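Next comes query.txt, a file with compact mmCIF, C-alpha atoms.
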```txt
# COMPACT_ATOMS: atom_id res chain seq x y z
CA MET A 892 0.00 0.00 0.00
CA GLU A 893 1.09 3.55 -0.71
CA ARG A 894 2.16 5.27 2.47
CA ASP A 895 0.42 8.47 3.59
CA ASP A 896 1.38 8.85 7.22
CA TRP A 897 4.70 9.92 8.74
CA SER A 898 5.67 10.67 12.32
CA ILE A 899 7.11 14.04 13.29
CA GLN A 900 10.53 12.46 13.81
CA GLU A 901 10.49 10.96 10.31
CA ILE A 902 9.46 14.23 8.70
CA ALA A 903 12.12 16.17 10.61
CA ARG A 904 14.79 13.74 9.39
CA LEU A 905 13.58 13.73 5.78
CA ALA A 906 13.25 17.52 5.59
CA GLY A 907 16.53 18.25 7.34
CA THR A 908 14.82 20.18 10.10
CA THR A 909 13.94 19.45 13.74
CA SER A 910 10.89 18.22 15.61
CA ARG A 911 11.03 21.43 17.61
CA THR A 912 10.72 23.50 14.42
CA LEU A 913 7.76 21.43 13.24
CA ARG A 914 6.06 21.83 16.61
CA HIS A 915 6.61 25.59 16.36
CA TYR A 916 5.04 25.61 12.89
CA ASP A 917 2.04 23.85 14.43
CA ASP A 918 1.85 26.28 17.36
CA ILE A 919 1.62 29.29 15.03
CA GLY A 920 -0.85 27.60 12.68
CA LEU A 921 1.58 27.33 9.77
CA LEU A 922 1.73 23.53 9.54
CA PRO A 923 -0.77 21.63 11.69
CA PRO A 924 -0.30 17.86 11.86
CA SER A 925 -2.75 15.63 10.02
CA ARG A 926 -3.47 13.69 13.19
CA ILE A 927 -2.34 13.29 16.78
CA ALA A 928 -1.54 9.72 17.82
CA PRO A 929 -2.72 8.30 21.18
CA ASN A 930 0.81 8.81 22.51
CA GLY A 931 0.55 12.51 21.69
CA TYR A 932 2.94 12.42 18.72
CA ARG A 933 2.14 14.49 15.64
CA HIS A 934 1.72 12.70 12.31
CA TYR A 935 1.63 14.14 8.78
CA ASP A 936 0.04 13.04 5.50
CA GLY A 937 1.04 13.76 1.91
CA GLN A 938 -0.80 17.07 1.77
CA ALA A 939 1.06 18.26 4.86
CA LEU A 940 4.36 17.24 3.25
CA VAL A 941 3.58 19.36 0.18
CA ARG A 942 2.79 22.30 2.45
CA LEU A 943 6.07 21.80 4.33
CA GLN A 944 7.96 21.69 1.03
CA ARG A 945 6.48 25.07 0.09
CA ILE A 946 7.33 26.49 3.53
CA LEU A 947 10.95 25.42 3.21
CA LEU A 948 11.20 26.79 -0.33
CA LEU A 949 9.85 30.15 0.79
CA ARG A 950 12.21 30.16 3.77
CA GLU A 951 15.15 29.73 1.39
CA LEU A 952 13.92 32.80 -0.47
CA GLY A 953 14.32 34.74 2.77
CA LEU A 954 10.67 35.16 3.74
CA GLY A 955 9.76 35.34 7.41
CA LEU A 956 7.12 33.06 8.86
CA PRO A 957 4.35 35.71 8.87
CA GLN A 958 5.02 36.41 5.18
CA ILE A 959 5.00 32.69 4.39
CA ALA A 960 1.63 32.32 6.09
CA GLU A 961 0.26 35.12 3.89
CA VAL A 962 1.63 33.50 0.72
CA LEU A 963 0.16 30.10 1.60
CA GLU A 964 -3.20 31.65 2.40
CA ARG A 965 -3.22 33.60 -0.85
CA GLU A 966 -2.03 30.76 -3.09
CA ARG A 967 -4.07 27.72 -2.14
CA GLY A 968 -3.49 25.78 -5.37
CA GLU A 969 -0.49 23.69 -4.31
CA ALA A 970 0.44 22.31 -7.74
CA SER A 971 0.18 25.63 -9.61
CA ALA A 972 2.07 27.46 -6.86
CA LEU A 973 4.86 24.88 -6.97
CA GLU A 974 4.98 25.10 -10.76
CA THR A 975 5.54 28.85 -10.50
CA HIS A 976 8.24 28.32 -7.90
CA LEU A 977 9.85 25.61 -10.02
CA ALA A 978 10.00 27.94 -13.01
CA LEU A 979 11.71 30.60 -10.89
CA LEU A 980 14.19 28.06 -9.52
CA ARG A 981 15.02 26.84 -13.04
CA GLU A 982 15.61 30.41 -14.21
CA GLU A 983 17.92 30.97 -11.25
CA GLN A 984 19.64 27.63 -11.88
CA THR A 985 20.34 28.62 -15.49
CA ARG A 986 21.62 32.04 -14.48
CA LEU A 987 23.89 30.59 -11.80
CA ALA A 988 25.21 27.93 -14.18
CA ARG A 989 26.18 30.69 -16.64
CA GLN A 990 27.86 32.68 -13.87
CA ILE A 991 29.76 29.61 -12.67
CA ALA A 992 31.00 28.87 -16.19
CA SER A 993 31.98 32.52 -16.63
CA ILE A 994 33.97 32.61 -13.38
CA GLU A 995 35.61 29.24 -14.04
CA SER A 996 36.72 30.54 -17.45
CA THR A 997 38.21 33.64 -15.84
CA ILE A 998 40.06 31.57 -13.21
CA THR A 999 41.47 29.28 -15.91
CA ALA A 1000 42.67 32.28 -17.92
CA LEU A 1001 44.26 33.95 -14.91
CA ARG A 1002 46.09 30.81 -13.77
CA GLY A 1003 47.27 30.03 -17.28
CA GLY A 1004 48.43 33.54 -18.04
CA GLU A 1005 45.96 33.72 -20.92
CA ASN A 1006 44.16 36.77 -22.27
CA LEU A 1007 40.79 37.41 -20.66
CA MET A 1008 37.75 37.06 -22.91
CA ALA A 1009 35.76 40.14 -21.95
CA GLU A 1010 32.71 39.05 -23.92
CA ASN A 1011 32.43 35.92 -21.73
CA MET A 1012 33.26 37.40 -18.34
CA PHE A 1013 29.81 38.77 -17.59
CA ASP A 1014 27.62 35.97 -18.90
CA GLY A 1015 24.82 35.42 -16.40
CA PHE A 1016 25.08 38.94 -15.00
CA ASP A 1017 21.89 40.16 -16.67
CA HIS A 1018 21.18 43.80 -15.87
CA THR A 1019 18.00 43.72 -17.98
CA GLN A 1020 16.15 41.16 -15.86
CA TYR A 1021 14.25 43.89 -13.95
CA LYS A 1022 13.52 46.06 -17.01
CA GLU A 1023 9.72 45.90 -16.78
CA GLU A 1024 9.73 46.43 -13.03
CA VAL A 1025 12.00 49.48 -13.25
CA GLU A 1026 9.83 50.98 -15.98
CA ASP A 1027 6.68 50.35 -13.95
CA ARG A 1028 8.13 51.93 -10.82
CA TRP A 1029 10.11 54.86 -12.23
CA GLY A 1030 9.26 55.16 -15.92
CA LYS A 1031 10.83 54.14 -19.23
CA LYS A 1032 13.30 57.02 -19.15
CA ALA A 1033 14.74 55.78 -15.88
CA TYR A 1034 15.48 52.38 -17.36
CA ALA A 1035 16.78 53.85 -20.63
CA ASP A 1036 19.18 56.17 -18.78
CA SER A 1037 20.54 53.43 -16.54
CA ASP A 1038 20.77 50.98 -19.45
CA ARG A 1039 22.72 53.53 -21.52
CA TRP A 1040 25.02 54.14 -18.55
CA TRP A 1041 25.64 50.41 -18.08
CA ARG A 1042 26.33 49.72 -21.74
CA GLY A 1043 28.66 52.71 -21.91
CA MET A 1044 30.95 51.28 -19.26
CA THR A 1045 34.19 49.54 -20.04
CA ASP A 1046 34.56 45.93 -18.86
CA ALA A 1047 36.88 47.12 -16.09
CA GLU A 1048 34.33 49.71 -14.93
CA ARG A 1049 31.58 47.08 -14.82
CA ALA A 1050 33.83 44.78 -12.80
CA ASP A 1051 34.62 47.61 -10.36
CA TRP A 1052 30.93 48.42 -10.00
CA GLN A 1053 30.00 44.79 -9.32
CA GLN A 1054 32.81 44.56 -6.78
CA ARG A 1055 31.39 47.64 -5.05
CA VAL A 1056 27.96 45.99 -4.87
CA SER A 1057 29.52 42.79 -3.53
CA ASP A 1058 31.48 44.69 -0.88
CA LEU A 1059 28.35 46.52 0.26
CA GLY A 1060 26.41 43.28 0.58
CA ARG A 1061 29.25 41.65 2.53
CA ASP A 1062 29.58 44.61 4.90
CA TRP A 1063 25.83 44.84 5.49
CA ILE A 1064 25.66 41.16 6.41
CA ALA A 1065 28.69 41.45 8.70
CA ALA A 1066 27.14 44.45 10.44
CA ALA A 1067 23.78 42.74 10.88
CA GLU A 1068 25.40 39.57 12.25
CA SER A 1069 27.62 41.52 14.64
CA GLY A 1070 24.60 42.65 16.65
CA ILE A 1071 25.39 46.38 16.42
CA ASP A 1072 22.65 48.99 16.45
CA PRO A 1073 21.48 50.24 13.02
CA ALA A 1074 22.08 53.75 14.39
CA SER A 1075 25.71 53.00 15.31
CA ALA A 1076 28.55 54.77 13.57
CA GLU A 1077 29.63 51.56 11.85
CA ALA A 1078 26.18 50.85 10.42
CA GLN A 1079 25.67 54.46 9.41
CA ASP A 1080 28.96 54.44 7.51
CA VAL A 1081 27.75 51.49 5.44
CA ALA A 1082 24.45 53.33 4.93
CA ARG A 1083 26.37 56.38 3.67
CA ARG A 1084 28.27 54.24 1.17
CA HIS A 1085 25.01 52.61 0.08
CA VAL A 1086 23.39 55.97 -0.60
CA GLU A 1087 26.48 57.16 -2.49
CA TRP A 1088 26.23 54.03 -4.61
CA LEU A 1089 22.52 54.64 -5.32
CA THR A 1090 23.08 58.26 -6.30
CA GLY A 1091 25.70 57.14 -8.81
CA VAL A 1092 23.22 55.14 -10.90
CA PRO A 1093 21.68 57.36 -13.64
CA GLY A 1094 17.94 57.25 -14.10
CA THR A 1095 17.01 56.57 -10.50
CA PRO A 1096 15.25 59.19 -8.35
CA ALA A 1097 18.44 59.35 -6.28
CA ALA A 1098 20.46 60.56 -9.27
CA VAL A 1099 17.99 63.06 -10.76
CA PRO A 1100 18.57 66.71 -9.77
CA GLY A 1101 15.81 67.70 -7.40
CA GLY A 1102 14.71 64.08 -6.99
CA ASP A 1103 13.27 62.90 -3.70
CA VAL A 1104 16.34 60.98 -2.59
CA LYS A 1105 15.09 60.57 0.96
CA ALA A 1106 11.81 58.91 -0.03
CA TYR A 1107 13.63 56.78 -2.61
CA VAL A 1108 16.17 55.46 -0.10
CA ILE A 1109 13.53 54.75 2.54
CA GLY A 1110 11.30 53.07 -0.03
CA LEU A 1111 14.12 50.85 -1.24
CA GLY A 1112 14.83 49.81 2.34
CA GLU A 1113 11.22 48.72 2.72
CA MET A 1114 11.41 46.83 -0.57
CA TYR A 1115 14.49 44.93 0.58
CA VAL A 1116 12.35 43.44 3.34
CA ALA A 1117 9.15 42.95 1.35
CA ASP A 1118 10.70 41.43 -1.78
CA PRO A 1119 12.69 38.22 -1.17
CA ARG A 1120 14.63 38.67 -4.41
CA PHE A 1121 16.34 41.72 -2.96
CA GLY A 1122 16.28 40.65 0.67
CA ALA A 1123 18.29 37.55 -0.24
CA ASN A 1124 21.26 39.84 -0.92
CA TYR A 1125 21.39 40.65 2.79
CA ALA A 1126 20.46 37.26 4.25
CA THR A 1127 22.39 36.44 7.42
CA SER A 1128 23.35 33.00 8.66
CA SER A 1129 20.29 32.99 10.93
CA GLY A 1130 18.03 33.18 7.88
CA GLY A 1131 14.77 35.06 7.59
CA THR A 1132 14.64 38.78 6.92
CA HIS A 1133 16.85 39.94 9.79
CA GLY A 1134 19.60 41.18 7.48
CA ALA A 1135 17.22 43.06 5.20
CA GLU A 1136 15.46 44.58 8.20
CA PHE A 1137 18.81 45.79 9.53
CA VAL A 1138 19.59 47.45 6.19
CA ARG A 1139 16.13 49.02 6.07
CA ASP A 1140 16.44 50.44 9.58
CA ALA A 1141 19.96 51.78 9.03
CA LEU A 1142 19.00 53.41 5.73
CA ARG A 1143 15.93 55.02 7.27
CA ILE A 1144 17.98 56.44 10.15
CA TYR A 1145 20.59 57.77 7.71
CA ALA A 1146 17.96 59.26 5.40
CA GLU A 1147 16.09 60.98 8.24
CA ALA A 1148 19.30 62.54 9.50
CA ASN A 1149 21.10 63.41 6.27
CA LEU A 1150 18.76 63.59 3.27
```

Go through the file and emit its structure as structure tokens.
Amino acid sequence: MERDDWSIQEIARLAGTTSRTLRHYDDIGLLPPSRIAPNGYRHYDGQALVRLQRILLLRELGLGLPQIAEVLERERGEASALETHLALLREEQTRLARQIASIESTITALRGGENLMAENMFDGFDHTQYKEEVEDRWGKKAYADSDRWWRGMTDAERADWQQRVSDLGRDWIAAAESGIDPASAEAQDVARRHVEWLTGVPGTPAAVPGGDVKAYVIGLGEMYVADPRFGANYATSSGGTHGAEFVRDALRIYAEANL
């Protein structure tokens, strides 16, 4: 017979989590067990396993438990929701595979003393992936200006810019994990660098003369928390949205005081 009942210990082992976590998910109404055995142990059926799979996928995207609950409530069709998530994962898998191949090629060239192939070095680094979203938020001119700026860069300038982004992400995560206050001098210095970076990108409200830089910076901070695609850039080892929330709070404090 096909099995459709697993104990909490079995599910914890299979999912790479803990019984304590599963009990917490039950306590907050996120993943109730399918039945409670006479000995008091929680048991789960196939439908519960599908729900747990979706919870873990959303956790990996950086969503907090309250946000996950909202997503699960909004998207009740399990199969269609997983199909959407699968498509996103495959897109990310393809992009990462291209980046890996690009970096491996660069490493091989550097170690072998070969000439770098500039046309291959940035494969997978697609600056156009948010084109529609940028146009919806800030207009077609904003995207056109930033796209023209990006394409006008030399390969070395693009590499420097990407390194700057990487350094910011690394320093934000280190600050969030260190436990310092978002209002501390250290955090505010990273916030200053972040704002300087934003104001250097043509087409954004932060770079337009007379633009509302303060509202733009604060709004971006909120988006880092609300949108897991951006929040993932600031994910700490503890998971969830802690890192993005730290960035949001530090940027808001900096904007209120300086912009």

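Compared by their closest atoms to Gly1070 of chain A, and using only C-alpha atoms, the residues A:Thr1127, A:Gln1053, A:Glu1087, A:Ala903 rank with A:Thr1127 nearest.
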
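Straight-line separation from atom CA of Leu1111 of chain A to atom CA of Arg1139 of chain A: 7.8 Å.
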
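Closest to Asn1149 of chain A among A:Ala1082, A:Ala1135, A:Glu1048, A:Glu1113 is A:Ala1082, based on only C-alpha atoms.
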
Problem - Given all atoms listed in the file as the counted atoms, nearest of A:Asp918, A:Thr912, A:Arg894, A:Arg965 to Tyr935 of chain A - result: A:Arg894

Nearby residues (all atoms listed in the file) at most 8 Å from segment 925-933 of chain A, same-chain spacing under 2 positions excluded, as a PDB file with C-alpha atoms, in the coordinates of the input:
```pdb
ATOM      1  CA  SER A 898       5.670  10.670  12.320  1.00  0.00           C
ATOM      2  CA  ILE A 899       7.110  14.040  13.290  1.00  0.00           C
ATOM      3  CA  PRO A 923      -0.770  21.630  11.690  1.00  0.00           C
ATOM      4  CA  TYR A 935       1.630  14.140   8.780  1.00  0.00           C
ATOM      5  CA  ASP A 936       0.040  13.040   5.500  1.00  0.00           C
ATOM      6  CA  ALA A 939       1.060  18.260   4.860  1.00  0.00           C
TER       7      ALA A 939
END
```

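With distances restricted to all atoms listed in the file, A:Arg942 is the closest residue to Pro924 of chain A from A:Arg942, A:Arg1055, A:Arg950, A:Arg904.
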
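One distance worth recording is that between atom CA of Glu1136 of chain A and atom CA of Arg1049 of chain A, which is 28.2 Å.
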
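If you look at atom CA of Ile998 of chain A and atom CA of Gln1054 of chain A, they are 16.2 Å away from each other.
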
Practice task
Go through A:Arg945, A:His934, A:Arg1002, A:His1085 one by one, measure the shortest atom-to-atom distance of each to Val962 of chain A using all atoms listed in the file, and give the residue with the smallest value.
Solution key: A:Arg945

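Residue nearest Tyr1145 of chain A within the list A:Ala1065, A:Val1104, A:Leu1059, A:Ala1117: A:Val1104 [criterion: smallest interatomic distance, all atoms listed in the file].
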
Handout entry: Residue contacts of Gly907 of chain A (12 Å, all atoms listed in the file) excluding same-chain residues fewer than 6 positions away, as a PyMOL selection string
Key = chain A and resi 899-901+913+943-944+947

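Residue neighbourhood of Gly1110 of chain A, excluding near-sequence residues (fewer than 3 positions): Arg1028, Pro1096, Ala1097, Asp1103, Val1104, Lys1105, Ala1106, Tyr1107, Glu1113, Met1114, Tyr1115, Val1116, Ala1117, Asp1118, Val1138, Arg1139, Asp1140, Leu1142, Arg1143 and Ala1146 of chain A, at 12 Å, using all atoms listed in the file.
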
Completion of segment 1114-1148 of chain A up to N, CA and C atoms, as a PDB file, in the coordinates of the input:
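File written: selection_15.pdb
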```pdb
ATOM      1  N   MET A1114      11.496  47.856   0.463  1.00  0.00           N
ATOM      2  CA  MET A1114      11.410  46.830  -0.570  1.00  0.00           C
ATOM      3  C   MET A1114      12.372  45.688  -0.309  1.00  0.00           C
ATOM      4  N   TYR A1115      13.538  45.993   0.265  1.00  0.00           N
ATOM      5  CA  TYR A1115      14.490  44.930   0.580  1.00  0.00           C
ATOM      6  C   TYR A1115      13.876  43.896   1.515  1.00  0.00           C
ATOM      7  N   VAL A1116      13.001  44.357   2.405  1.00  0.00           N
ATOM      8  CA  VAL A1116      12.350  43.440   3.340  1.00  0.00           C
ATOM      9  C   VAL A1116      11.166  42.743   2.694  1.00  0.00           C
ATOM     10  N   ALA A1117      10.387  43.486   1.919  1.00  0.00           N
ATOM     11  CA  ALA A1117       9.150  42.950   1.350  1.00  0.00           C
ATOM     12  C   ALA A1117       9.386  42.001   0.179  1.00  0.00           C
ATOM     13  N   ASP A1118      10.454  42.232  -0.582  1.00  0.00           N
ATOM     14  CA  ASP A1118      10.700  41.430  -1.780  1.00  0.00           C
ATOM     15  C   ASP A1118      11.877  40.487  -1.545  1.00  0.00           C
ATOM     16  N   PRO A1119      11.615  39.179  -1.488  1.00  0.00           N
ATOM     17  CA  PRO A1119      12.690  38.220  -1.170  1.00  0.00           C
ATOM     18  C   PRO A1119      13.811  38.199  -2.184  1.00  0.00           C
ATOM     19  N   ARG A1120      13.561  38.645  -3.416  1.00  0.00           N
ATOM     20  CA  ARG A1120      14.630  38.670  -4.410  1.00  0.00           C
ATOM     21  C   ARG A1120      15.745  39.616  -3.984  1.00  0.00           C
ATOM     22  N   PHE A1121      15.357  40.745  -3.399  1.00  0.00           N
ATOM     23  CA  PHE A1121      16.340  41.720  -2.960  1.00  0.00           C
ATOM     24  C   PHE A1121      16.826  41.424  -1.545  1.00  0.00           C
ATOM     25  N   GLY A1122      15.901  40.965  -0.694  1.00  0.00           N
ATOM     26  CA  GLY A1122      16.280  40.650   0.670  1.00  0.00           C
ATOM     27  C   GLY A1122      17.311  39.551   0.753  1.00  0.00           C
ATOM     28  N   ALA A1123      17.317  38.654  -0.242  1.00  0.00           N
ATOM     29  CA  ALA A1123      18.290  37.550  -0.240  1.00  0.00           C
ATOM     30  C   ALA A1123      19.720  38.064  -0.315  1.00  0.00           C
ATOM     31  N   ASN A1124      19.912  39.277  -0.845  1.00  0.00           N
ATOM     32  CA  ASN A1124      21.260  39.840  -0.920  1.00  0.00           C
ATOM     33  C   ASN A1124      21.827  40.163   0.446  1.00  0.00           C
ATOM     34  N   TYR A1125      20.958  40.269   1.450  1.00  0.00           N
ATOM     35  CA  TYR A1125      21.390  40.650   2.790  1.00  0.00           C
ATOM     36  C   TYR A1125      21.052  39.574   3.823  1.00  0.00           C
ATOM     37  N   ALA A1126      20.839  38.349   3.353  1.00  0.00           N
ATOM     38  CA  ALA A1126      20.460  37.260   4.250  1.00  0.00           C
ATOM     39  C   ALA A1126      21.628  36.892   5.162  1.00  0.00           C
ATOM     40  N   THR A1127      21.370  36.830   6.445  1.00  0.00           N
ATOM     41  CA  THR A1127      22.390  36.440   7.420  1.00  0.00           C
ATOM     42  C   THR A1127      22.344  34.940   7.647  1.00  0.00           C
ATOM     43  N   SER A1128      23.283  34.435   8.409  1.00  0.00           N
ATOM     44  CA  SER A1128      23.350  33.000   8.660  1.00  0.00           C
ATOM     45  C   SER A1128      22.144  32.498   9.446  1.00  0.00           C
ATOM     46  N   SER A1129      21.465  33.397  10.158  1.00  0.00           N
ATOM     47  CA  SER A1129      20.290  32.990  10.930  1.00  0.00           C
ATOM     48  C   SER A1129      19.050  32.868  10.056  1.00  0.00           C
ATOM     49  N   GLY A1130      19.142  33.297   8.798  1.00  0.00           N
ATOM     50  CA  GLY A1130      18.030  33.180   7.880  1.00  0.00           C
ATOM     51  C   GLY A1130      16.977  34.261   8.099  1.00  0.00           C
ATOM     52  N   GLY A1131      15.846  34.096   7.447  1.00  0.00           N
ATOM     53  CA  GLY A1131      14.770  35.060   7.590  1.00  0.00           C
ATOM     54  C   GLY A1131      15.111  36.407   6.980  1.00  0.00           C
ATOM     55  N   THR A1132      14.458  37.436   7.472  1.00  0.00           N
ATOM     56  CA  THR A1132      14.640  38.780   6.920  1.00  0.00           C
ATOM     57  C   THR A1132      15.431  39.689   7.848  1.00  0.00           C
ATOM     58  N   HIS A1133      16.116  39.119   8.823  1.00  0.00           N
ATOM     59  CA  HIS A1133      16.850  39.940   9.790  1.00  0.00           C
ATOM     60  C   HIS A1133      17.832  40.876   9.101  1.00  0.00           C
ATOM     61  N   GLY A1134      18.612  40.351   8.154  1.00  0.00           N
ATOM     62  CA  GLY A1134      19.600  41.180   7.480  1.00  0.00           C
ATOM     63  C   GLY A1134      18.970  42.322   6.716  1.00  0.00           C
ATOM     64  N   ALA A1135      17.908  42.021   5.960  1.00  0.00           N
ATOM     65  CA  ALA A1135      17.220  43.060   5.200  1.00  0.00           C
ATOM     66  C   ALA A1135      16.584  44.095   6.115  1.00  0.00           C
ATOM     67  N   GLU A1136      16.068  43.650   7.244  1.00  0.00           N
ATOM     68  CA  GLU A1136      15.460  44.580   8.200  1.00  0.00           C
ATOM     69  C   GLU A1136      16.527  45.507   8.788  1.00  0.00           C
ATOM     70  N   PHE A1137      17.712  44.971   9.024  1.00  0.00           N
ATOM     71  CA  PHE A1137      18.810  45.790   9.530  1.00  0.00           C
ATOM     72  C   PHE A1137      19.171  46.879   8.528  1.00  0.00           C
ATOM     73  N   VAL A1138      19.269  46.482   7.242  1.00  0.00           N
ATOM     74  CA  VAL A1138      19.590  47.450   6.190  1.00  0.00           C
ATOM     75  C   VAL A1138      18.499  48.517   6.112  1.00  0.00           C
ATOM     76  N   ARG A1139      17.249  48.074   6.126  1.00  0.00           N
ATOM     77  CA  ARG A1139      16.130  49.020   6.070  1.00  0.00           C
ATOM     78  C   ARG A1139      16.195  50.031   7.196  1.00  0.00           C
ATOM     79  N   ASP A1140      16.416  49.538   8.421  1.00  0.00           N
ATOM     80  CA  ASP A1140      16.440  50.440   9.580  1.00  0.00           C
ATOM     81  C   ASP A1140      17.605  51.415   9.519  1.00  0.00           C
ATOM     82  N   ALA A1141      18.779  50.913   9.114  1.00  0.00           N
ATOM     83  CA  ALA A1141      19.960  51.780   9.030  1.00  0.00           C
ATOM     84  C   ALA A1141      19.786  52.842   7.951  1.00  0.00           C
ATOM     85  N   LEU A1142      19.222  52.451   6.812  1.00  0.00           N
ATOM     86  CA  LEU A1142      19.000  53.410   5.730  1.00  0.00           C
ATOM     87  C   LEU A1142      17.985  54.475   6.126  1.00  0.00           C
ATOM     88  N   ARG A1143      16.932  54.051   6.828  1.00  0.00           N
ATOM     89  CA  ARG A1143      15.930  55.020   7.270  1.00  0.00           C
ATOM     90  C   ARG A1143      16.549  56.031   8.239  1.00  0.00           C
ATOM     91  N   ILE A1144      17.337  55.548   9.183  1.00  0.00           N
ATOM     92  CA  ILE A1144      17.980  56.440  10.150  1.00  0.00           C
ATOM     93  C   ILE A1144      18.906  57.419   9.423  1.00  0.00           C
ATOM     94  N   TYR A1145      19.671  56.895   8.457  1.00  0.00           N
ATOM     95  CA  TYR A1145      20.590  57.770   7.710  1.00  0.00           C
ATOM     96  C   TYR A1145      19.801  58.796   6.899  1.00  0.00           C
ATOM     97  N   ALA A1146      18.745  58.352   6.234  1.00  0.00           N
ATOM     98  CA  ALA A1146      17.960  59.260   5.400  1.00  0.00           C
ATOM     99  C   ALA A1146      17.294  60.354   6.225  1.00  0.00           C
ATOM    100  N   GLU A1147      16.756  59.986   7.377  1.00  0.00           N
ATOM    101  CA  GLU A1147      16.090  60.980   8.240  1.00  0.00           C
ATOM    102  C   GLU A1147      17.075  62.022   8.724  1.00  0.00           C
ATOM    103  N   ALA A1148      18.316  61.609   8.927  1.00  0.00           N
ATOM    104  CA  ALA A1148      19.300  62.540   9.500  1.00  0.00           C
ATOM    105  C   ALA A1148      20.078  63.328   8.450  1.00  0.00           C
TER     106      ALA A1148
END
```
